[in-house]
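Asks: I'd like to ask some things about the structure below.
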Amino acid sequence: MVDRQNRVGSKFGGGGVSSAQQTERERKERLRQLAMETVDLARDPYLMRNHLGTYECKLCLTLHTNEANYLSHTQGKKHQAGLARRAAMEAKMAKQNEATDVMMALRAGTQVSQAQSKVKIGRPGYEVSKSRDPDTNARCLTFELHYPELDGGNRQPRHRFMSAYEQRVETPPDNNYQYLLIACDPYETVGFKIPNEKIDKGEGKFVTNWDVDSRMFTLTLHFVDEEAEKN
Ligand SMILES: [Zn+2]
């Protein structure tokens, strides 16, 4: 944009150029002043001053003649996309670390806790019961978790399954098992190691319930009876 302005100026004579350049200098100076006021460049992890006195964006590997130029670059698509990618990657890493923490604890027993810097108020109480479906005789597991200290109705437990290959602590991964994780901040996440068998997602076969009054989360699952399915 800047170049075009100068070219346009030169077409119409010398006076245009110098006034365009003057304006551009003023614009840059204003930008620089503004930038100095609003952005702490010393804290920008991606800005690097090189030995030539120019600037580099370590995120995009681009060169910039001055701080103002770098700053306008940081508002551009390339840099913004780079930041978004980086944030997504960091979130993914944090999630993996969390999963790893859970798996580390899982080794010690059925119930696990997460080592995290966040303040946790402890583990929920839990009960697991095994049963058989009275009609189909399919094996059934019921998990009951108690979160008595949870305040407000905004939070509720979330569950997710994790495969043996997804977790990275128990090595080698034992494909005979999968993991059911139940999380509810600020309680610690608990994980249950269960057989890696197909879970019945049919109606009434996989049920979760959050009773906000008693702060109790219940999850009931049925395993698909592979033998019965074949017949
Ligand atoms: Zn950049």
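Just remember, in the structure tokens the first chain shown is A, the second B, etc., residues are 1-based per chain, and ligands are 1-based in the order shown.
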Dump the neighbourhood of ligand 1 as a PyMOL selection string: all residues within 6 Å, distances computed on only C-alpha atoms and all ligand atoms.
Replies: chain A and resi 57+59-60+74+79
Asks: Please provide the set of residues having any atom within 12 Å of range 133-146 of chain A, restricted to only C-alpha atoms, with same-chain residues fewer than 4 positions apart removed, written as number ranges by chain.
Replies: A: 111, 122-129, 150, 156-159, 180-184, 187-195, 197-200, 204-229
Asks: Going by DSSP on the backbone, which bits of range 74-228 of chain A are alpha helix (DSSP H)? Write them as a ChimeraX atom specification, please.
Replies: /A:74,77-106,226-228
Asks: Could the residues in this selection be saved with N, CA, C and O atoms as a CSV table (one decimal), in the first residue's frame?
Replies:
chain,number,residue,atom,x,y,z
A,74,THR,N,1.9,-8.0,13.1
A,74,THR,CA,1.3,-8.8,14.1
A,74,THR,C,-0.3,-8.7,14.0
A,74,THR,O,-1.0,-9.6,14.5
A,77,LYS,N,-2.9,-11.3,8.7
A,77,LYS,CA,-3.5,-12.7,8.7
A,77,LYS,C,-2.5,-13.8,9.0
A,77,LYS,O,-2.8,-14.7,9.7
A,78,LYS,N,-1.3,-13.6,8.4
A,78,LYS,CA,-0.3,-14.7,8.6
A,78,LYS,C,0.1,-14.9,10.1
A,78,LYS,O,0.0,-16.0,10.6
A,79,HIS,N,0.3,-13.7,10.7
A,79,HIS,CA,0.7,-13.8,12.1
A,79,HIS,C,-0.4,-14.3,13.0
A,79,HIS,O,-0.2,-15.1,13.9
A,80,GLN,N,-1.6,-13.8,12.7
A,80,GLN,CA,-2.8,-14.2,13.5
A,80,GLN,C,-3.1,-15.7,13.4
A,80,GLN,O,-3.4,-16.3,14.3
A,81,ALA,N,-2.9,-16.1,12.1
A,81,ALA,CA,-3.1,-17.6,11.9
A,81,ALA,C,-2.1,-18.4,12.6
A,81,ALA,O,-2.4,-19.5,13.2
A,82,GLY,N,-0.9,-17.9,12.6
A,82,GLY,CA,0.2,-18.6,13.3
A,82,GLY,C,-0.1,-18.6,14.8
A,82,GLY,O,0.2,-19.7,15.5
A,83,LEU,N,-0.6,-17.5,15.4
A,83,LEU,CA,-0.9,-17.5,16.8
A,83,LEU,C,-2.0,-18.5,17.1
A,83,LEU,O,-1.9,-19.2,18.2
A,84,ALA,N,-3.0,-18.5,16.3
A,84,ALA,CA,-4.1,-19.5,16.5
A,84,ALA,C,-3.6,-20.9,16.4
A,84,ALA,O,-4.0,-21.7,17.3
A,85,ARG,N,-2.8,-21.2,15.5
A,85,ARG,CA,-2.2,-22.6,15.4
A,85,ARG,C,-1.4,-22.9,16.6
A,85,ARG,O,-1.5,-24.0,17.2
A,86,ARG,N,-0.6,-21.9,17.1
A,86,ARG,CA,0.2,-22.2,18.3
A,86,ARG,C,-0.7,-22.4,19.5
A,86,ARG,O,-0.4,-23.3,20.3
A,87,ALA,N,-1.7,-21.6,19.6
A,87,ALA,CA,-2.6,-21.8,20.8
A,87,ALA,C,-3.3,-23.1,20.8
A,87,ALA,O,-3.4,-23.8,21.8
A,88,ALA,N,-3.7,-23.6,19.6
A,88,ALA,CA,-4.4,-24.9,19.4
A,88,ALA,C,-3.4,-26.0,19.8
A,88,ALA,O,-3.8,-26.9,20.5
A,89,MET,N,-2.1,-25.8,19.4
A,89,MET,CA,-1.1,-26.8,19.7
A,89,MET,C,-0.9,-26.9,21.2
A,89,MET,O,-0.8,-28.0,21.8
A,90,GLU,N,-0.8,-25.7,21.8
A,90,GLU,CA,-0.6,-25.7,23.3
A,90,GLU,C,-1.7,-26.3,24.0
A,90,GLU,O,-1.5,-27.0,25.0
A,91,ALA,N,-2.9,-26.0,23.6
A,91,ALA,CA,-4.1,-26.6,24.2
A,91,ALA,C,-4.1,-28.1,24.1
A,91,ALA,O,-4.4,-28.9,25.1
A,92,LYS,N,-3.7,-28.6,22.9
A,92,LYS,CA,-3.6,-30.1,22.7
A,92,LYS,C,-2.5,-30.7,23.6
A,92,LYS,O,-2.8,-31.7,24.2
A,93,MET,N,-1.4,-30.0,23.8
A,93,MET,CA,-0.3,-30.5,24.6
A,93,MET,C,-0.8,-30.6,26.1
A,93,MET,O,-0.5,-31.5,26.8
A,94,ALA,N,-1.5,-29.5,26.5
A,94,ALA,CA,-2.0,-29.5,27.9
A,94,ALA,C,-2.9,-30.6,28.1
A,94,ALA,O,-2.9,-31.2,29.2
A,95,LYS,N,-3.7,-30.9,27.1
A,95,LYS,CA,-4.7,-32.0,27.3
A,95,LYS,C,-4.0,-33.3,27.4
A,95,LYS,O,-4.3,-34.2,28.1
A,96,GLN,N,-2.9,-33.5,26.6
A,96,GLN,CA,-2.1,-34.7,26.6
A,96,GLN,C,-1.5,-34.9,27.9
A,96,GLN,O,-1.4,-36.0,28.5
A,97,ASN,N,-0.9,-33.8,28.4
A,97,ASN,CA,-0.3,-33.8,29.8
A,97,ASN,C,-1.3,-34.2,30.8
A,97,ASN,O,-0.9,-35.0,31.7
A,98,GLU,N,-2.4,-33.7,30.7
A,98,GLU,CA,-3.5,-34.0,31.7
A,98,GLU,C,-3.8,-35.5,31.6
A,98,GLU,O,-3.9,-36.1,32.7
A,99,ALA,N,-4.0,-36.0,30.4
A,99,ALA,CA,-4.2,-37.4,30.2
A,99,ALA,C,-3.1,-38.2,30.8
A,99,ALA,O,-3.3,-39.2,31.4
A,100,THR,N,-1.9,-37.8,30.6
A,100,THR,CA,-0.7,-38.5,31.1
A,100,THR,C,-0.7,-38.5,32.6
A,100,THR,O,-0.5,-39.6,33.2
A,101,ASP,N,-1.1,-37.4,33.2
A,101,ASP,CA,-1.1,-37.4,34.7
A,101,ASP,C,-2.1,-38.4,35.2
A,101,ASP,O,-1.9,-39.1,36.2
A,102,VAL,N,-3.3,-38.4,34.5
A,102,VAL,CA,-4.3,-39.3,34.9
A,102,VAL,C,-3.8,-40.7,34.8
A,102,VAL,O,-4.0,-41.5,35.7
A,103,MET,N,-3.1,-41.0,33.7
A,103,MET,CA,-2.7,-42.4,33.5
A,103,MET,C,-1.6,-42.8,34.5
A,103,MET,O,-1.5,-43.9,34.9
A,104,MET,N,-0.8,-41.8,34.9
A,104,MET,CA,0.3,-42.1,35.9
A,104,MET,C,-0.4,-42.6,37.2
A,104,MET,O,0.1,-43.6,37.8
A,105,ALA,N,-1.4,-41.9,37.6
A,105,ALA,CA,-2.1,-42.2,38.8
A,105,ALA,C,-2.8,-43.5,38.7
A,105,ALA,O,-3.0,-44.3,39.6
A,106,LEU,N,-3.3,-43.7,37.4
A,106,LEU,CA,-4.1,-44.9,37.2
A,106,LEU,C,-3.3,-46.2,37.5
A,106,LEU,O,-3.9,-47.2,37.9
A,226,GLU,N,-21.1,-59.9,22.1
A,226,GLU,CA,-20.7,-60.2,20.8
A,226,GLU,C,-21.3,-61.6,20.3
A,226,GLU,O,-21.7,-61.7,19.2
A,227,GLU,N,-21.4,-62.5,21.3
A,227,GLU,CA,-21.9,-63.8,20.9
A,227,GLU,C,-23.4,-63.7,20.5
A,227,GLU,O,-23.8,-64.2,19.5
A,228,ALA,N,-24.1,-63.0,21.4
A,228,ALA,CA,-25.6,-62.9,21.2
A,228,ALA,C,-25.8,-62.1,19.9
A,228,ALA,O,-26.8,-62.4,19.1
Asks: Skipping near chain neighbours, those fewer than 4 positions away, what residues fall within 12 Å of Leu47 in chain A using only C-alpha atoms, listed as a VMD selection string?
Replies: chain A and resid 39 to 43 54 to 64 66 to 71 73 to 74 79
